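Dropping my_file-v2.cif in here (mmCIF, C-alpha atoms):
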```cif
data_start
#
loop_
_atom_site.label_atom_id
_atom_site.label_comp_id
_atom_site.auth_asym_id
_atom_site.auth_seq_id
_atom_site.Cartn_x
_atom_site.Cartn_y
_atom_site.Cartn_z
CA ALA A 1 0.00 0.00 0.00
CA GLU A 2 1.08 3.60 -0.48
CA LEU A 3 0.05 6.53 1.66
CA THR A 4 1.11 9.76 0.01
CA CYS A 5 1.98 12.85 1.99
CA ASN A 6 -0.08 15.49 0.16
CA LEU A 7 -0.89 15.26 -3.53
CA ALA A 8 -1.43 19.03 -3.66
CA ASP A 9 2.33 19.39 -3.02
CA ASN A 10 4.59 18.89 -6.03
CA ASN A 11 7.34 17.36 -3.86
CA CYS A 12 4.95 14.66 -2.70
CA VAL A 13 3.84 13.93 -6.25
CA THR A 14 7.51 13.59 -7.23
CA ARG A 15 8.12 11.21 -4.31
CA SER A 16 5.20 9.01 -5.33
CA LYS A 17 6.33 8.90 -8.96
CA SER A 18 9.84 8.01 -7.81
CA PHE A 19 8.55 5.21 -5.59
CA HIS A 20 6.70 3.77 -8.56
CA GLN A 21 9.68 4.05 -10.91
CA VAL A 22 11.36 1.48 -8.67
CA ILE A 23 8.55 -0.59 -7.16
CA ASP A 24 6.66 -1.06 -10.42
CA GLN A 25 9.66 -3.00 -11.78
CA TYR A 26 8.66 -5.88 -9.48
CA PRO A 27 5.53 -7.53 -10.93
CA ASP A 28 5.04 -9.69 -7.82
CA MET A 29 4.49 -6.56 -5.74
CA VAL A 30 0.85 -5.55 -6.01
CA ASN A 31 -0.33 -2.16 -4.83
CA VAL A 32 -3.57 -2.86 -2.98
CA ALA A 33 -4.24 0.77 -2.02
CA LYS A 34 -2.99 4.29 -2.66
CA GLN A 35 -4.44 7.14 -0.67
CA ASP A 36 -3.48 10.71 0.16
CA ALA A 37 -2.91 11.02 3.92
CA LYS A 38 -2.43 14.81 3.62
CA GLY A 39 0.93 14.55 5.34
CA THR A 40 -0.50 14.05 8.83
CA LEU A 41 -0.15 11.39 11.49
CA ILE A 42 -3.89 11.42 12.20
CA ASP A 43 -4.84 10.88 8.55
CA GLY A 44 -2.11 8.25 8.20
CA LYS A 45 -3.59 6.31 11.11
CA ARG A 46 -7.20 6.71 9.96
CA ILE A 47 -6.45 5.64 6.40
CA MET A 48 -4.29 2.71 7.50
CA ASP A 49 -7.12 1.53 9.77
CA SER A 50 -9.35 1.42 6.68
CA ILE A 51 -6.71 -0.31 4.56
CA LEU A 52 -6.28 -3.00 7.21
CA GLN A 53 -10.02 -3.69 7.12
CA ALA A 54 -10.18 -3.82 3.32
CA HIS A 55 -6.85 -5.62 2.83
CA PRO A 56 -6.03 -7.63 5.96
CA ASP A 57 -3.24 -9.42 4.07
CA VAL A 58 -1.26 -6.21 3.35
CA LYS A 59 2.48 -6.90 3.64
CA GLY A 60 4.05 -3.45 3.35
CA VAL A 61 3.36 0.26 3.33
CA ILE A 62 5.41 3.01 1.76
CA CYS A 63 4.72 6.43 3.25
CA GLY A 64 5.25 9.83 1.66
CA ASN A 65 6.58 11.46 4.82
CA GLY A 66 7.42 10.88 8.46
CA PRO A 67 4.15 11.86 10.12
CA VAL A 68 2.20 9.56 7.79
CA ALA A 69 4.60 6.70 8.58
CA LEU A 70 4.10 7.29 12.31
CA GLY A 71 0.32 7.22 11.81
CA VAL A 72 0.61 3.93 9.94
CA ILE A 73 2.72 2.52 12.78
CA ALA A 74 0.06 3.60 15.30
CA ALA A 75 -2.67 1.86 13.29
CA LEU A 76 -0.61 -1.31 13.02
CA LYS A 77 0.12 -1.27 16.74
CA ALA A 78 -3.59 -0.84 17.54
CA ALA A 79 -4.36 -3.79 15.25
CA ASN A 80 -1.59 -5.86 16.87
CA ARG A 81 0.11 -6.23 13.48
CA THR A 82 3.87 -6.63 13.68
CA ASP A 83 4.18 -8.38 10.31
CA VAL A 84 3.80 -5.33 8.05
CA VAL A 85 6.92 -3.60 6.72
CA VAL A 86 6.69 0.20 6.87
CA VAL A 87 9.08 2.66 5.25
CA GLY A 88 9.00 6.43 5.28
CA ILE A 89 10.83 9.50 4.12
CA ASP A 90 12.06 12.50 6.14
CA GLY A 91 14.47 11.19 8.75
CA SER A 92 13.02 12.99 11.75
CA ASN A 93 14.02 12.08 15.29
CA ASP A 94 10.63 10.37 15.74
CA GLU A 95 11.26 8.24 12.65
CA ARG A 96 14.78 7.49 13.87
CA ASP A 97 13.31 6.27 17.16
CA ALA A 98 10.79 4.09 15.29
CA VAL A 99 13.61 2.58 13.22
CA LYS A 100 15.56 1.84 16.40
CA ALA A 101 12.44 0.27 17.95
CA GLY A 102 11.89 -1.89 14.87
CA THR A 103 8.43 -0.50 14.00
CA LEU A 104 9.77 1.40 10.97
CA GLN A 105 11.96 -0.65 8.65
CA ALA A 106 13.72 2.39 7.19
CA THR A 107 13.39 6.02 6.27
CA VAL A 108 15.20 8.24 3.83
CA MET A 109 16.56 11.38 5.44
CA LEU A 110 16.52 14.46 3.33
CA GLN A 111 19.69 16.47 3.78
CA ALA A 112 18.03 19.60 5.14
CA GLN A 113 21.26 20.88 6.70
CA ALA A 114 23.19 20.51 3.43
CA ILE A 115 20.36 22.06 1.40
CA ALA A 116 20.20 25.07 3.74
CA ALA A 117 24.00 25.48 3.73
CA GLN A 118 24.08 25.44 -0.07
CA GLY A 119 21.30 28.03 -0.19
CA VAL A 120 23.17 30.35 2.17
CA THR A 121 26.40 29.92 0.19
CA ASP A 122 24.62 30.69 -3.08
CA LEU A 123 22.92 33.74 -1.57
CA ASP A 124 26.20 35.02 -0.08
CA ASN A 125 28.01 34.58 -3.41
CA TYR A 126 25.25 36.52 -5.14
CA LEU A 127 25.17 39.35 -2.59
CA GLN A 128 28.96 39.63 -2.22
CA LYS A 129 30.11 38.95 -5.79
CA GLY A 130 27.00 39.12 -7.95
CA GLU A 131 27.53 35.47 -8.91
CA LYS A 132 24.48 33.39 -9.64
CA PRO A 133 24.60 29.65 -8.97
CA ALA A 134 25.65 27.52 -11.92
CA LYS A 135 22.36 25.61 -11.69
CA GLN A 136 18.92 26.65 -10.55
CA ARG A 137 18.34 23.16 -9.18
CA VAL A 138 20.84 21.23 -7.14
CA MET A 139 20.18 17.59 -6.37
CA PHE A 140 20.92 16.19 -2.94
CA ARG A 141 20.80 12.45 -2.34
CA GLY A 142 18.67 11.16 0.45
CA ILE A 143 20.40 9.07 3.11
CA LEU A 144 18.91 5.68 3.93
CA ILE A 145 18.38 5.34 7.68
CA THR A 146 18.21 1.80 9.05
CA LYS A 147 19.02 0.18 12.38
CA ASP A 148 22.67 0.19 11.26
CA ASN A 149 23.00 3.98 11.33
CA ALA A 150 19.95 5.29 13.24
CA ASP A 151 22.09 6.06 16.31
CA LYS A 152 23.92 8.69 14.24
CA VAL A 153 20.77 10.64 13.29
CA GLN A 154 19.84 13.81 15.16
CA ASP A 155 17.65 16.70 14.00
CA PHE A 156 17.72 15.78 10.27
CA ASN A 157 21.48 15.41 10.35
CA ILE A 158 23.73 12.38 10.41
CA LYS A 159 27.05 12.23 12.21
CA SER A 160 29.91 10.71 10.26
#
```

Encoded form using structure tokens:
Amino acid sequence: AELTCNLADNNCVTRSKSFHQVIDQYPDMVNVAKQDAKGTLIDGKRIMDSILQAHPDVKGVICGNGPVALGVIAALKAANRTDVVVVGIDGSNDERDAVKAGTLQATVMLQAQAIAAQGVTDLDNYLQKGEKPAKQRVMFRGILITKDNADKVQDFNIKS
């Protein structure tokens, strides 16, 4: 199942498309549900409750952001389901804790610190030297957070 974070947000639409570019390559994986959880824990829980009723054999859930993933985890806990794999994206401290507890398989941490630093550098170069960045868009890779490195995550940053 997929619970998106907010289909009115272009970033969330891009995340969903990216998920499907990978997942759709595996014909044995069947998407039993896709719903917009509006990016909130409460909607994530409510929608996952409904998915569990309609599809009690669901095996995994991919979530468009951290709060949605935490809502899914709450619904699974209430249903006493420990057999469903949940993954998220954001890398918040709450997600880190869920990864460490084993209720969230993994999350992808967006490099907010690096993105902000690059923005400040670009702005400073423009203000001080009149130099515009070489590119309007700069890509930053997400960092996969699992039990192996969750202890290094703090406030959307990872210690080397």

For this structure, which residues satisfy the selection - the PyMOL selection byres ((chain A and resi 109-120) around 7) - when it is evaluated on the file as given? I want them as a count of residues only.
16

- request: Find the residues near A:Thr82: any atom within 10 Å, counting all atoms listed in the file, skip ones fewer than 3 places away on the same chain, and give them as a PyMOL selection string.
  value: chain A and resi 73+76-77+79+85+102-103

note - atom CA of A:Glu95 and atom CA of A:Asp28 are separated by 27.9 Å

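The smallest atom-to-atom distance between A:Gly88 and any of A:Gln35, A:Ser16, A:Asn149, A:Ser160, using only C-alpha atoms, is found for A:Ser16.
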
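Computed from the coordinates, the atom CA of A:Val61 to atom CA of A:Ala74 distance equals 12.9 Å.
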
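Nearest residue to A:Arg81, choosing from A:Val58, A:Val153, A:Ile158, A:Val30 and counting all atoms listed in the file: A:Val58.
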
Any chance you could work out the residue set of the PyMOL selection byres ((chain A and resi 96) around 9) here, as a VMD selection string? chain A and resid 91 to 95 97 to 101 104 106 to 107 145 to 147 150 to 151 153 to 154

Here atom CA of A:Tyr26 and atom CA of A:Glu2 stand apart by 15.1 Å

6 Å contact set for A:Leu41, only C-alpha atoms, chain neighbours under 4 positions out, as a PyMOL selection string = chain A and resi 67-68+70-71

Return the padded bounding box of stretch 149-155 of chain A as JSON: axis-aligned, built from all atoms listed in the file, 3 Å added on each side, with centre and edge lengths in Å to one decimal.
```
{"center_x": 20.8, "center_y": 10.3, "center_z": 13.8, "size_x": 12.3, "size_y": 18.7, "size_z": 11.0}
```

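When only C-alpha atoms are used to measure the gap to A:Asn11, the shortest distance among A:Ala75, A:Val32, A:Gly39, A:Lys135 belongs to A:Gly39.
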